[in-house]
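Since the structure comes first, as C-alpha cells, the remarks are kept for the end.
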Amino acid sequence: MTQGQRIGTMWAIAGAVIVVAALYVFWPWRQPNRAPVGTPPPAVTPISDLIQVDTPQPDQRIQSPLVVRGRARGLWYFEASFPVTLKDATGKVIAQVSAQAQGEWMTQEFVPFAATIKFTNPATETGTIVLEKDNPSGLLESADAITIPVRFSVGASAVNIQAQYDSKIVYKLPADNNSVPYQNDCQARGGTFDPCGSPCAPSAPICIQMCAYVCRLKK
C-alpha cells in the first residue's frame with residue numbers, strides 16, 4: 001500500500017468514527033425527556049373530578065357558624081383533613097379551619113367532608129372560601145385548590161335567636177309568623193330549617209314540647 005493510500009484509509013476511518021460518535025450523542029434515545037414533535041401535552045384532571053362542594057353554593061349569602069360540606073377524593077386529604085380558608089374581598093384571612101373526612105380517606109374514591117367556620121362578618125360584602133388540597137410536601141406541582149365566591153350577611157340580623165347549640169339554633173317566634181327571614185338565615189348557615197322543631201336543649205332532661213323555628217346544623 002502506498003503512502004497516499006494509507007493516508008486515505010486513515011482519513012476514511014477517522015470520518016467513520018466521527019459519524020458514529022455524532023449519532024451516539026444526538027440520537028433521540030439519548031434524550032428521553034424530549035417529547036417527540038406533535039406529542040400532545042399531558043391531560044389536566046378537572047377540579048370537579050377531585051373535589052365537589054355541596055354547600056355553600058357560589059354567591060350564596062353566609063353567616064356564622066357556617067357548615068361547609070362536600071366530597072373529595074382521598075388524594076385531596078392528608079391524615080384525613082385539608083385546610084379551608086375564609087377570606088374577605090381584599091384577600092384578608094377571616095378564619096381558617098380543617099375539613100375532616102367523614103369516612104376512610106385512604107382511597108382514590110370520593111370521601112365526604114365537613115367543616116364548621118365561625119367568624120365575624122367583615123366590612124366587605126363579598127369574599128371567598130378556599131378549599132386547598134393538603135400538600136405536606138410543599139411542592140408546587142402537588143398544590144391545588146377550589147375557590148367558592150360568597151356573600152356576607154352585612155348589617156344587623158333580621159332574626160331573633162333564642163338559643164344556640166352545636167347541633168341547632170332556636171329562633172324566637174316572630175309576631176307575624178313570617179318564616180322567610182329565618183329560612184334565609186338558616187340556609188346562610190348551611191343548616192336545615194324546621195318550622196316546628198323542639199326548643200329544648202339537646203341535654204335537657206325535662207322540657208315542654210312546643211313548635212319553634214329551628215335551624216338544624218350539620219356537624
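Each chain of the C-alpha cells is named A, B, ... in the order shown, its residues numbered from 1; ligands are numbered from 1 in display order.
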Neighbour list for segment 102-118 of chain A as a PDB file with C-alpha atoms, in the first residue's frame, cut-off 12 Å, only C-alpha atoms, skip fewer than 2 positions in-chain:
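Output (out_30.pdb):
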ATOM      1  CA  SER A  48     -64.691  18.677  39.669  1.00  0.00           C
ATOM      2  CA  ASP A  49     -63.194  15.204  39.419  1.00  0.00           C
ATOM      3  CA  LEU A  50     -61.117  15.884  42.542  1.00  0.00           C
ATOM      4  CA  ILE A  51     -63.436  17.831  44.867  1.00  0.00           C
ATOM      5  CA  GLN A  52     -67.142  18.766  44.845  1.00  0.00           C
ATOM      6  CA  VAL A  53     -68.730  21.295  47.224  1.00  0.00           C
ATOM      7  CA  ASP A  54     -72.402  20.931  48.178  1.00  0.00           C
ATOM      8  CA  THR A  55     -72.605  23.969  50.446  1.00  0.00           C
ATOM      9  CA  PRO A  56     -72.116  26.845  50.250  1.00  0.00           C
ATOM     10  CA  ILE A  62     -73.357  33.076  54.503  1.00  0.00           C
ATOM     11  CA  GLN A  63     -73.476  33.665  58.229  1.00  0.00           C
ATOM     12  CA  SER A  64     -71.571  32.323  61.204  1.00  0.00           C
ATOM     13  CA  PRO A  65     -71.427  29.477  62.052  1.00  0.00           C
ATOM     14  CA  LEU A  66     -71.190  28.145  58.511  1.00  0.00           C
ATOM     15  CA  VAL A  67     -71.040  24.440  57.713  1.00  0.00           C
ATOM     16  CA  VAL A  68     -69.043  23.568  54.570  1.00  0.00           C
ATOM     17  CA  ARG A  69     -69.899  20.168  53.116  1.00  0.00           C
ATOM     18  CA  GLY A  70     -68.993  18.156  50.051  1.00  0.00           C
ATOM     19  CA  ARG A  71     -66.808  15.286  48.909  1.00  0.00           C
ATOM     20  CA  ALA A  72     -63.195  14.957  47.775  1.00  0.00           C
ATOM     21  CA  ARG A  73     -61.034  12.131  46.526  1.00  0.00           C
ATOM     22  CA  GLY A  74     -58.707  10.525  49.025  1.00  0.00           C
ATOM     23  CA  LEU A  75     -55.623  12.137  47.489  1.00  0.00           C
ATOM     24  CA  TRP A  76     -57.028  15.580  48.467  1.00  0.00           C
ATOM     25  CA  TYR A  77     -56.585  14.717  52.164  1.00  0.00           C
ATOM     26  CA  PHE A  78     -53.580  14.195  54.365  1.00  0.00           C
ATOM     27  CA  GLU A  79     -54.236  12.405  57.644  1.00  0.00           C
ATOM     28  CA  ALA A  80     -57.990  12.739  56.976  1.00  0.00           C
ATOM     29  CA  SER A  81     -58.093  16.535  56.687  1.00  0.00           C
ATOM     30  CA  PHE A  82     -57.327  19.540  54.482  1.00  0.00           C
ATOM     31  CA  PRO A  83     -57.340  23.329  55.083  1.00  0.00           C
ATOM     32  CA  VAL A  84     -60.353  25.567  54.458  1.00  0.00           C
ATOM     33  CA  THR A  85     -59.824  29.342  54.476  1.00  0.00           C
ATOM     34  CA  LEU A  86     -62.414  32.135  54.521  1.00  0.00           C
ATOM     35  CA  LYS A  87     -61.251  35.466  53.061  1.00  0.00           C
ATOM     36  CA  ILE A  94     -61.001  35.891  58.298  1.00  0.00           C
ATOM     37  CA  ALA A  95     -60.875  32.297  59.523  1.00  0.00           C
ATOM     38  CA  GLN A  96     -59.091  29.046  58.785  1.00  0.00           C
ATOM     39  CA  VAL A  97     -60.181  25.564  59.844  1.00  0.00           C
ATOM     40  CA  SER A  98     -59.587  21.962  58.819  1.00  0.00           C
ATOM     41  CA  ALA A  99     -62.193  19.983  56.914  1.00  0.00           C
ATOM     42  CA  GLN A 100     -62.452  16.468  58.289  1.00  0.00           C
ATOM     43  CA  THR A 120     -67.254  37.777  62.403  1.00  0.00           C
ATOM     44  CA  ASN A 121     -68.636  39.468  59.311  1.00  0.00           C
ATOM     45  CA  ILE A 129     -63.870  30.212  50.644  1.00  0.00           C
ATOM     46  CA  LEU A 131     -60.550  24.617  49.930  1.00  0.00           C
ATOM     47  CA  ASP A 166     -73.763  22.859  68.479  1.00  0.00           C
ATOM     48  CA  SER A 167     -76.497  20.924  66.697  1.00  0.00           C
ATOM     49  CA  ARG A 189     -75.593  28.883  57.997  1.00  0.00           C
ATOM     50  CA  GLY A 190     -75.687  25.729  55.891  1.00  0.00           C
ATOM     51  CA  GLY A 191     -78.442  24.219  58.036  1.00  0.00           C
ATOM     52  CA  LEU A 217     -76.933  22.347  61.889  1.00  0.00           C
ATOM     53  CA  LYS A 218     -74.935  19.576  60.281  1.00  0.00           C
ATOM     54  CA  LYS A 219     -71.750  18.672  62.100  1.00  0.00           C
TER      55      LYS A 219
END
Notebook entry, point to check: Could you name the residues that touch Val180 of chain A at 12 Å or less, counting only C-alpha atoms, but leaving out those on the same chain fewer than 6 positions away, as a list of chain:residue names?
Noted result: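 Close residues of Val180 of chain A: A:Ala158, A:Val159, A:Leu173, A:Pro174, A:Cys186, A:Gln187, A:Phe193, A:Asp194, A:Pro195, A:Tyr213.
Counting only C-alpha atoms, the residue from A:Met210, A:Ala204, A:Ala163, A:Ala89 that sits nearest to Pro149 of chain A is A:Ala89.
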Checklist line | Shell around Ala143 of chain A at 9 Å using only C-alpha atoms, local window under 2 positions removed, as an NGL selection string | finding: :A and (132-135 or 138-141 or 145)
Notebook entry, point to check: If we count only C-alpha atoms, what is near Thr124 of chain A at a cut-off of 8 Å, once residues fewer than 3 positions away on the same chain are taken out, given as a ChimeraX atom specification?
Noted result: /A:88-89,127,152,154
Note to self: Give me, as a list in words, all polymer residues having an atom no more than 7 Å from segment 196-203 of chain A, counting only C-alpha atoms and skipping those fewer than 4 positions away in the same chain.
What the structure shows: Val170, Cys207, Gln209, Met210, Cys211, Ala212, Tyr213 and Val214 of chain A
Emit the selected residues as a compact mmCIF listing (two decimals), in the first residue's frame, including C-alpha atoms.
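Writing the result to part26.txt gives the following:
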# COMPACT_ATOMS: atom_id res chain seq x y z
CA VAL A 170 -83.67 28.02 68.18
CA CYS A 207 -88.81 20.14 78.53
CA GLN A 209 -92.63 20.41 73.82
CA MET A 210 -93.93 23.14 71.53
CA CYS A 211 -93.31 24.28 67.97
CA ALA A 212 -90.42 26.65 67.33
CA TYR A 213 -88.49 27.80 64.32
CA VAL A 214 -85.31 25.71 64.43
Check: So how many Å separate atom CA of Ala123 of chain A and atom CA of Lys168 of chain A, to one decimal?
Finding: 26.9 Å
Margin query: Just to confirm, what's the straight-line distance from atom CA of Asp185 of chain A to atom CA of Asp59 of chain A in Å (one decimal)?
Written below: 14.8 Å
Note to self: Report, in Å with one decimal, the straight-line distance from atom CA of Ser142 of chain A to atom CA of Lys92 of chain A.
What the structure shows: 24.2 Å
